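*Asks:* Sharing query.cif here; it has mmCIF, C-alpha atoms (C1' of nucleotides).
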data_entry
loop_
_atom_site.label_atom_id
_atom_site.label_comp_id
_atom_site.auth_asym_id
_atom_site.auth_seq_id
_atom_site.Cartn_x
_atom_site.Cartn_y
_atom_site.Cartn_z
CA MET A 1 137.34 11.79 243.41
CA THR A 2 138.95 14.65 241.60
CA LYS A 3 139.58 12.45 238.62
CA PRO A 4 136.76 10.18 237.54
CA ARG A 5 138.37 6.79 237.36
CA HIS A 6 135.83 5.58 234.83
CA LEU A 7 134.08 7.08 231.87
CA THR A 8 130.48 6.55 230.91
CA ILE A 9 129.78 5.83 227.31
CA GLY A 10 128.72 9.40 226.66
CA GLN A 11 131.92 10.79 228.14
CA LEU A 12 134.02 8.41 226.12
CA ALA A 13 132.12 9.38 222.99
CA LYS A 14 132.59 13.06 223.65
CA ARG A 15 136.29 12.74 224.34
CA THR A 16 136.86 10.81 221.14
CA CYS A 17 134.59 12.97 218.98
CA SER A 18 132.53 9.88 218.43
CA THR A 19 129.00 8.75 219.27
CA THR A 20 127.59 6.37 221.82
CA ARG A 21 126.27 4.20 219.02
CA THR A 22 129.72 3.88 217.53
CA ILE A 23 131.24 3.01 220.89
CA ARG A 24 128.68 0.27 221.44
CA PHE A 25 129.30 -0.96 217.94
CA TYR A 26 133.04 -1.19 218.52
CA GLU A 27 132.43 -3.00 221.78
CA GLN A 28 130.15 -5.42 220.00
CA LEU A 29 132.90 -6.16 217.48
CA GLY A 30 135.31 -6.78 220.32
CA LEU A 31 137.48 -3.79 219.42
CA ILE A 32 137.14 -2.27 222.87
CA GLN A 33 135.80 -3.38 226.21
CA ALA A 34 134.08 -1.77 229.14
CA ALA A 35 136.08 -2.35 232.29
CA GLU A 36 132.87 -2.96 234.22
CA ARG A 37 129.26 -2.02 234.62
CA SER A 38 127.72 0.22 237.23
CA SER A 39 125.20 -1.28 239.63
CA GLY A 40 122.54 -0.05 237.27
CA GLY A 41 124.16 -1.53 234.19
CA PHE A 42 125.97 1.49 232.75
CA ARG A 43 129.16 0.74 230.85
CA LEU A 44 132.22 2.08 232.62
CA PHE A 45 135.37 2.51 230.53
CA GLU A 46 138.90 3.10 231.60
CA GLU A 47 140.62 6.26 230.44
CA SER A 48 142.97 4.22 228.33
CA THR A 49 140.04 3.29 226.14
CA ILE A 50 140.16 6.81 224.75
CA ALA A 51 143.46 5.93 223.16
CA ASP A 52 142.03 2.67 221.90
CA VAL A 53 139.20 4.46 220.14
CA GLN A 54 141.58 7.06 218.74
CA CYS A 55 143.73 4.28 217.41
CA ILE A 56 140.74 2.74 215.68
CA GLN A 57 139.86 6.11 214.24
CA ASP A 58 143.36 6.61 212.90
CA LEU A 59 143.43 3.21 211.27
CA LYS A 60 140.04 3.84 209.75
CA LEU A 61 141.18 7.20 208.44
CA ALA A 62 144.06 5.42 206.81
CA GLY A 63 141.53 3.39 204.94
CA LEU A 64 141.36 0.16 206.88
CA SER A 65 138.07 -1.60 207.43
CA LEU A 66 137.03 -2.44 210.96
CA GLU A 67 137.81 -6.03 210.09
CA ASP A 68 141.39 -5.07 209.28
CA VAL A 69 141.54 -3.02 212.44
CA ALA A 70 140.47 -6.05 214.41
CA LEU A 71 143.13 -8.15 212.71
CA LEU A 72 145.82 -5.67 213.64
CA ARG A 73 144.70 -5.19 217.20
CA LYS A 74 143.39 -8.55 218.26
CA PRO A 75 146.41 -10.82 218.43
CA THR A 76 147.95 -8.61 221.06
CA ASP A 77 147.66 -10.81 224.06
CA TRP A 78 150.82 -9.44 225.53
CA ASP A 79 150.29 -11.44 228.68
CA ARG A 80 152.69 -13.99 227.33
CA VAL A 81 154.64 -12.88 224.35
CA THR A 82 155.93 -16.04 222.82
CA PRO A 83 158.15 -15.91 219.76
CA GLU A 84 155.33 -17.58 217.82
CA ARG A 85 152.89 -14.85 218.78
CA SER A 86 155.38 -12.22 217.80
CA ALA A 87 155.91 -13.88 214.46
CA THR A 88 152.18 -14.00 213.85
CA LEU A 89 151.76 -10.35 214.64
CA ASP A 90 154.77 -9.44 212.54
CA LYS A 91 153.33 -11.32 209.61
CA ALA A 92 149.96 -9.62 210.03
CA PHE A 93 151.66 -6.24 209.99
CA ALA A 94 153.75 -7.19 206.98
CA ASN A 95 150.64 -8.24 205.08
CA GLN A 96 148.97 -4.97 205.87
CA GLN A 97 152.04 -3.13 204.67
CA GLU A 98 151.96 -4.90 201.34
CA ALA A 99 148.28 -4.16 200.89
CA ILE A 100 148.85 -0.54 201.74
CA ARG A 101 151.79 -0.23 199.36
CA ASP A 102 149.59 -1.61 196.64
CA ARG A 103 146.97 0.99 197.29
CA ILE A 104 149.56 3.72 197.26
CA ARG A 105 150.85 2.49 193.91
CA ARG A 106 147.38 2.65 192.41
CA LEU A 107 146.75 6.09 193.78
CA GLU A 108 150.03 7.36 192.41
CA GLU A 109 149.21 6.00 188.99
CA LEU A 110 145.93 7.81 189.10
CA LEU A 111 147.70 10.96 190.19
CA GLN A 112 149.93 10.76 187.15
CA SER A 113 146.97 10.17 184.91
CA LEU A 114 145.23 13.21 186.26
CA GLU A 115 148.35 15.30 185.79
CA LYS A 116 148.67 14.32 182.16
CA ALA A 117 145.02 15.02 181.65
CA ARG A 118 145.38 18.49 183.11
CA GLN A 119 148.28 19.22 180.87
CA LYS A 120 146.20 18.28 177.86
CA ILE A 121 143.37 20.41 179.08
CA ARG A 122 145.61 23.40 179.58
CA GLY A 123 147.03 23.02 176.11
CA CYS A 124 143.51 22.92 174.81
CA GLN A 125 142.51 26.03 176.67
CA GLU A 126 145.24 27.98 174.97
CA CYS A 127 144.42 26.80 171.50
CA SER A 128 140.77 27.61 172.00
CA LYS A 129 141.78 31.15 172.75
CA GLN A 130 143.66 31.34 169.48
CA THR A 131 141.27 29.59 167.11
CA ASP A 132 137.63 30.20 167.65
CA ARG A 133 136.21 27.32 169.61
CA SER A 134 136.37 23.82 168.16
CA GLY A 135 140.08 23.40 167.61
CA CYS A 136 140.20 21.56 170.91
CA LEU A 137 138.73 18.45 169.43
CA ASP A 138 141.88 18.23 167.36
CA CYS A 139 144.36 18.51 170.16
CA LEU A 140 142.43 16.24 172.47
CA GLY A 141 141.24 13.65 170.01
CA GLY A 142 143.27 11.33 167.85
CA LYS A 143 146.53 10.25 169.35
CA ASP A 144 145.55 9.57 172.93
CA ASP A 145 148.06 6.76 173.11
CA ASP A 146 150.22 8.66 175.54
CA LEU A 147 147.25 9.09 177.82
CA PRO A 148 146.88 6.45 180.49
CA ARG A 149 144.02 4.05 180.08
CA VAL A 150 142.02 5.60 182.86
CA LEU A 151 141.70 8.84 181.00
CA GLY A 152 141.63 7.82 177.38
CA THR A 153 137.87 7.61 177.45
CA ILE A 154 137.38 10.84 179.31
CA LEU A 155 139.35 12.89 176.83
CA ARG A 156 138.14 11.40 173.65
CA MET B 1 129.04 -8.78 159.32
CA THR B 2 132.34 -10.28 160.27
CA LYS B 3 132.66 -7.84 163.13
CA PRO B 4 129.61 -7.32 165.29
CA ARG B 5 129.21 -3.59 165.34
CA HIS B 6 127.35 -3.73 168.62
CA LEU B 7 127.71 -5.65 171.81
CA THR B 8 124.92 -7.09 173.89
CA ILE B 9 125.08 -6.53 177.60
CA GLY B 10 126.40 -10.04 178.18
CA GLN B 11 129.21 -9.58 175.68
CA LEU B 12 130.16 -6.26 177.18
CA ALA B 13 130.14 -7.80 180.63
CA LYS B 14 132.34 -10.67 179.51
CA ARG B 15 134.85 -8.45 177.78
CA THR B 16 135.21 -6.24 180.83
CA CYS B 17 135.29 -9.08 183.35
CA SER B 18 132.15 -7.60 184.78
CA THR B 19 128.53 -8.66 185.17
CA THR B 20 125.34 -7.69 183.43
CA ARG B 21 124.01 -6.37 186.69
CA THR B 22 126.95 -4.05 187.07
CA ILE B 23 126.63 -2.83 183.51
CA ARG B 24 122.96 -2.02 184.01
CA PHE B 25 123.82 -0.31 187.25
CA TYR B 26 126.42 1.88 185.58
CA GLU B 27 123.95 2.73 182.84
CA GLN B 28 121.40 3.64 185.46
CA LEU B 29 123.87 6.01 187.07
CA GLY B 30 124.57 7.59 183.71
CA LEU B 31 128.15 6.40 183.63
CA ILE B 32 127.70 4.61 180.32
CA GLN B 33 125.01 4.48 177.66
CA ALA B 34 123.67 1.92 175.26
CA ALA B 35 123.95 3.22 171.71
CA GLU B 36 120.54 1.80 170.91
CA ARG B 37 118.09 -0.98 171.56
CA SER B 38 117.31 -3.93 169.35
CA SER B 39 113.78 -4.26 168.00
CA GLY B 40 113.14 -6.56 170.94
CA GLY B 41 114.54 -4.14 173.50
CA PHE B 42 118.05 -5.54 173.98
CA ARG B 43 120.68 -2.99 174.88
CA LEU B 44 123.29 -2.57 172.14
CA PHE B 45 126.59 -1.04 173.14
CA GLU B 46 129.38 0.31 171.00
CA GLU B 47 132.80 -1.28 171.28
CA SER B 48 134.15 1.93 172.76
CA THR B 49 132.02 1.28 175.82
CA ILE B 50 134.48 -1.44 176.76
CA ALA B 51 137.04 1.25 177.37
CA ASP B 52 134.51 3.28 179.31
CA VAL B 53 133.83 0.40 181.66
CA GLN B 54 137.53 -0.30 182.04
CA CYS B 55 138.08 3.32 182.90
CA ILE B 56 135.43 3.11 185.59
CA GLN B 57 137.04 -0.04 186.93
CA ASP B 58 140.44 1.61 187.09
CA LEU B 59 139.11 4.62 188.90
CA LYS B 60 137.29 2.39 191.34
CA LEU B 61 140.43 0.37 191.92
CA ALA B 62 142.15 3.61 192.76
CA GLY B 63 139.61 4.03 195.50
CA LEU B 64 137.12 6.45 193.99
CA SER B 65 133.43 6.05 194.63
CA LEU B 66 131.10 5.83 191.66
CA GLU B 67 129.98 9.32 192.55
CA ASP B 68 133.55 10.55 192.17
CA VAL B 69 133.84 8.64 188.94
CA ALA B 70 130.76 10.38 187.65
CA LEU B 71 132.20 13.74 188.65
CA LEU B 72 135.37 13.05 186.74
CA ARG B 73 133.70 11.71 183.65
CA LYS B 74 130.52 13.70 183.36
CA PRO B 75 131.56 17.23 182.54
CA THR B 76 133.17 16.01 179.38
CA ASP B 77 130.82 17.42 176.84
CA TRP B 78 133.56 17.85 174.32
CA ASP B 79 131.07 18.97 171.72
CA ARG B 80 132.02 22.51 172.48
CA VAL B 81 135.07 22.90 174.60
CA THR B 82 134.88 26.38 175.92
CA PRO B 83 137.62 27.77 178.11
CA GLU B 84 135.11 27.80 180.96
CA ARG B 85 134.38 24.12 180.57
CA SER B 86 138.06 23.35 180.45
CA ALA B 87 138.62 25.35 183.59
CA THR B 88 135.85 23.49 185.36
CA LEU B 89 137.24 20.13 184.39
CA ASP B 90 140.74 21.20 185.31
CA LYS B 91 139.52 22.26 188.73
CA ALA B 92 137.67 18.99 189.22
CA PHE B 93 140.83 17.08 188.39
CA ALA B 94 142.90 19.27 190.67
CA ASN B 95 140.51 18.67 193.54
CA GLN B 96 140.71 14.95 193.00
CA GLN B 97 144.48 15.19 192.98
CA GLU B 98 144.52 16.95 196.32
CA ALA B 99 142.17 14.38 197.84
CA ILE B 100 144.29 11.57 196.50
CA ARG B 101 147.51 13.12 197.80
CA ASP B 102 145.91 13.35 201.19
CA ARG B 103 145.01 9.71 201.16
CA ILE B 104 148.53 8.80 200.11
CA ARG B 105 149.93 10.84 202.98
CA ARG B 106 147.76 9.00 205.48
CA LEU B 107 148.70 5.64 204.05
CA GLU B 108 152.38 6.47 204.21
CA GLU B 109 152.08 7.50 207.83
CA LEU B 110 150.43 4.21 208.58
CA LEU B 111 153.15 2.41 206.70
CA GLN B 112 155.78 4.07 208.89
CA SER B 113 153.83 3.18 212.00
CA LEU B 114 153.68 -0.43 210.99
CA GLU B 115 157.38 -0.45 210.26
CA LYS B 116 158.24 0.90 213.68
CA ALA B 117 155.95 -1.62 215.26
CA ARG B 118 157.63 -4.46 213.43
CA GLN B 119 161.02 -3.29 214.57
CA LYS B 120 159.82 -3.34 218.14
CA ILE B 121 158.37 -6.77 217.69
CA ARG B 122 161.59 -8.11 216.22
CA GLY B 123 163.57 -6.67 219.09
CA CYS B 124 161.20 -8.36 221.45
CA GLN B 125 161.53 -11.69 219.73
CA GLU B 126 165.24 -11.61 220.30
CA CYS B 127 165.05 -10.73 223.95
CA SER B 128 162.50 -13.47 224.54
CA LYS B 129 165.03 -15.92 223.22
CA GLN B 130 167.55 -14.69 225.74
CA THR B 131 165.47 -14.33 228.86
CA ASP B 132 162.77 -16.84 229.46
CA ARG B 133 159.49 -15.39 228.32
CA SER B 134 158.20 -12.21 229.96
CA GLY B 135 161.07 -9.84 229.34
CA CYS B 136 159.14 -8.60 226.33
CA LEU B 137 156.73 -6.68 228.45
CA ASP B 138 159.71 -4.59 229.48
CA CYS B 139 160.94 -3.76 226.03
CA LEU B 140 157.47 -3.14 224.67
CA GLY B 141 155.90 -1.34 227.59
CA GLY B 142 156.89 1.89 229.24
CA LYS B 143 158.38 4.41 226.91
CA ASP B 144 156.14 4.11 223.87
CA ASP B 145 156.54 7.80 223.17
CA ASP B 146 158.48 7.13 220.02
CA LEU B 147 155.67 4.95 218.77
CA PRO B 148 153.10 6.69 216.61
CA ARG B 149 149.70 7.18 218.15
CA VAL B 150 148.14 4.51 215.99
CA LEU B 151 150.20 1.81 217.56
CA GLY B 152 150.70 3.00 221.11
CA THR B 153 147.62 1.11 222.22
CA ILE B 154 148.45 -2.04 220.32
CA LEU B 155 151.84 -2.42 221.87
CA ARG B 156 151.09 -1.51 225.40
"C1'" DT C 1 112.52 13.75 246.15
"C1'" DT C 2 112.05 14.98 241.86
"C1'" DA C 3 113.22 16.58 237.27
"C1'" DA C 4 116.77 16.69 233.83
"C1'" DA C 5 120.10 14.31 231.68
"C1'" DC C 6 122.01 10.14 230.72
"C1'" DT C 7 122.05 5.09 229.69
"C1'" DT C 8 120.07 0.41 228.54
"C1'" DT C 9 118.56 -3.03 224.91
"C1'" DG C 10 116.17 -3.88 220.77
"C1'" DA C 11 114.81 -3.01 216.47
"C1'" DC C 12 114.47 -0.89 212.31
"C1'" DC C 13 116.60 2.67 208.74
"C1'" DT C 14 120.47 4.41 205.52
"C1'" DT C 15 124.05 4.41 201.70
"C1'" DC C 16 127.00 1.93 198.39
"C1'" DA C 17 127.73 -1.22 194.96
"C1'" DC C 18 126.10 -4.45 193.46
"C1'" DG C 19 123.91 -9.98 194.01
"C1'" DT C 20 120.06 -12.77 193.26
"C1'" DA C 21 115.82 -14.33 191.98
"C1'" DA C 22 111.19 -14.04 189.46
"C1'" DA C 23 108.45 -13.98 185.51
"C1'" DG C 24 108.43 -13.31 181.15
"C1'" DG C 25 110.16 -11.71 176.22
"C1'" DT C 26 113.99 -12.24 172.29
"C1'" DT C 27 117.52 -14.32 169.26
"C1'" DA C 28 120.32 -17.59 167.05
"C1'" DG C 29 121.08 -21.93 165.44
"C1'" DA C 30 119.87 -26.77 164.32
"C1'" DT D 1 109.80 -24.38 164.31
"C1'" DC D 2 111.65 -25.27 168.39
"C1'" DT D 3 114.81 -24.80 172.01
"C1'" DA D 4 118.77 -23.18 174.53
"C1'" DA D 5 120.81 -19.24 175.69
"C1'" DC D 6 120.25 -14.71 176.25
"C1'" DC D 7 117.78 -10.55 177.49
"C1'" DT D 8 114.01 -7.48 179.85
"C1'" DT D 9 112.11 -5.08 184.16
"C1'" DT D 10 110.90 -5.27 188.95
"C1'" DA D 11 112.12 -5.99 193.33
"C1'" DC D 12 114.06 -7.74 197.39
"C1'" DG D 13 118.79 -9.18 199.70
"C1'" DT D 14 123.67 -8.22 201.41
"C1'" DG D 15 127.39 -6.30 204.34
"C1'" DA D 16 129.82 -2.44 206.25
"C1'" DA D 17 129.48 1.19 209.49
"C1'" DG D 18 126.91 3.14 211.78
"C1'" DG D 19 122.05 6.54 212.48
"C1'" DT D 20 117.67 6.93 214.66
"C1'" DC D 21 113.85 5.93 217.57
"C1'" DA D 22 111.35 3.87 221.44
"C1'" DA D 23 110.31 2.45 226.02
"C1'" DA D 24 112.24 1.83 230.07
"C1'" DG D 25 115.75 2.15 233.81
"C1'" DT D 26 119.73 5.02 236.22
"C1'" DT D 27 122.32 9.09 237.97
"C1'" DT D 28 122.95 13.44 239.51
"C1'" DA D 29 122.09 18.05 241.01
"C1'" DA D 30 118.90 21.08 243.06
#
Could I get this structure in the form of structure tokens?

*Replies:*
Amino acid sequence: MTKPRHLTIGQLAKRTCSTTRTIRFYEQLGLIQAAERSSGGFRLFEESTIADVQCIQDLKLAGLSLEDVALLRKPTDWDRVTPERSATLDKAFANQQEAIRDRIRRLEELLQSLEKARQKIRGCQECSKQTDRSGCLDCLGGKDDDLPRVLGTILR
Amino acid sequence: MTKPRHLTIGQLAKRTCSTTRTIRFYEQLGLIQAAERSSGGFRLFEESTIADVQCIQDLKLAGLSLEDVALLRKPTDWDRVTPERSATLDKAFANQQEAIRDRIRRLEELLQSLEKARQKIRGCQECSKQTDRSGCLDCLGGKDDDLPRVLGTILR
DNA sequence: TTAAACTTTGACCTTCACGTAAAGGTTAGA
DNA sequence: TCTAACCTTTACGTGAAGGTCAAAGTTTAA
């Protein structure tokens, strides 16, 4: 008994920097499973469940909802890997990829917008050192056409 | 009176593909303001508020919370643009940029993980055409070390 | 064997970003 | 003037992802 074959919910929580509530919640959603219960009803998890929880955490960190996580993880009944199953999983992954690429595109647009905005701001800072104080309204206002839509209203 | 100087909440909602509820909510959070009220108490918005709402929508699409949106948009009291104010805004933007870059990094990691997973799956599909049906467990199991942590538990 | 620490289920609470009535007042047009 | 369409505030509902609390049962170490 040097190595405890099974983990209680508290141990699993601790080793995944999670909480017992979260573990139960994931179990309830079918994202993980307790291997068995003790005679008294305690959940007993296998060590491999640590990796499962970490996987869920990683996917969540990447911005996926638990529903998405379930979609990615569920169809993995690798008991019998038929070509159809593989195709399904592959399609699920491909869909996720497209969604993620879309999010990256949006974020990069925003990044650009922020960069342009900062450049404007820096230009303004300099001019406000030269003139007294309200010259900035000139360099920020007016021709905002080159500013992306997201920032046109901020720097008006 | 060919052009209605002011928009009612319903018109603003329609022109931003939004809802009156959302508009009121944004007003409540201080993200937008009604220029005035009619004698009967109707909110009357300026046309420029359309752009404000669109800006909020864009920022939200990029994944920012309304709290973040407020942070980005609030400190813009361009009445007097002091160098200090500019510096504050610039810092706020820079912080947002860093946060956004971080999210992009995570998403790209996930993208790579998904790509690797799909390659494995495709390899498996082929082998399952050759052998009968359970050879896949061999090519998927075992040495998953090259698989990123997020997918090790999916393809086990 | 007993106390401390842990676990069980159940049930209600929280935040975000609104949705959805309810009950009544306002405006525009015929 | 009347009505349809619009607006007002107030207030409760929703769904995601858990947090928190309670009352009771279970394990473990001394």

*Asks:* Quick one, how far is atom C1' of D:DA22 from atom CA of A:Leu7?

*Replies:* 25.2 Å

*Asks:* Please determine the contact residues of chain B with respect to chain C at a cut-off of 9 Å, counting only C-alpha atoms (C1' of nucleotides), and supply them as a PDB file with C-alpha atoms, keeping the file's coordinate frame.

*Replies:*
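Written file, selection.pdb:
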ATOM      1  CA  ARG B  21     124.010  -6.370 186.690  1.00  0.00           C
ATOM      2  CA  THR B  22     126.950  -4.050 187.070  1.00  0.00           C
ATOM      3  CA  PHE B  25     123.820  -0.310 187.250  1.00  0.00           C
ATOM      4  CA  GLY B  40     113.140  -6.560 170.940  1.00  0.00           C
ATOM      5  CA  GLY B  41     114.540  -4.140 173.500  1.00  0.00           C
ATOM      6  CA  PHE B  42     118.050  -5.540 173.980  1.00  0.00           C
ATOM      7  CA  SER B  65     133.430   6.050 194.630  1.00  0.00           C
ATOM      8  CA  LEU B  66     131.100   5.830 191.660  1.00  0.00           C
TER       9      LEU B  66
END

*Asks:* I need the chain D residues near chain B as a list in words; criterion: at most 12 Å, counting only C-alpha atoms (C1' of nucleotides).

*Replies:*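 For chain D, the answer reads DA5, DC6, DC7, DT8 and DT9 of chain D.
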
*Asks:* When you draw a straight line from atom CA of B:Ser48 to atom CA of B:Ala35, how long is it in Å?

*Replies:*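 So the answer is 10.3 Å.
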
*Asks:* Report the distance between atom CA of B:Lys14 and atom CA of B:Glu46 in Å, rounded to one decimal place.

*Replies:* 14.2 Å

*Asks:* I would like the residues chosen by the PyMOL selection byres ((chain B and resi 63) around 12) on the shown file; could you give them as an MDAnalysis selection string?

*Replies:* (chainID A and resid 63 102:111) or (chainID B and resid 56:62 64:69 96 99:100 103:104)

*Asks:* Carefully work through the PyMOL selection byres ((chain A and resi 90) around 10) for this structure and note down the residues it includes, as a list in words.

*Replies:*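 Taken over the shown coordinates, the PyMOL selection byres ((chain A and resi 90) around 10) returns Leu72, Glu84, Arg85, Ser86, Ala87, Thr88, Leu89, Lys91, Ala92, Phe93, Ala94, Asn95 and Gln96 of chain A; Leu114, Glu115, Ala117, Arg118, Gln119, Lys120, Ile121 and Arg122 of chain B.
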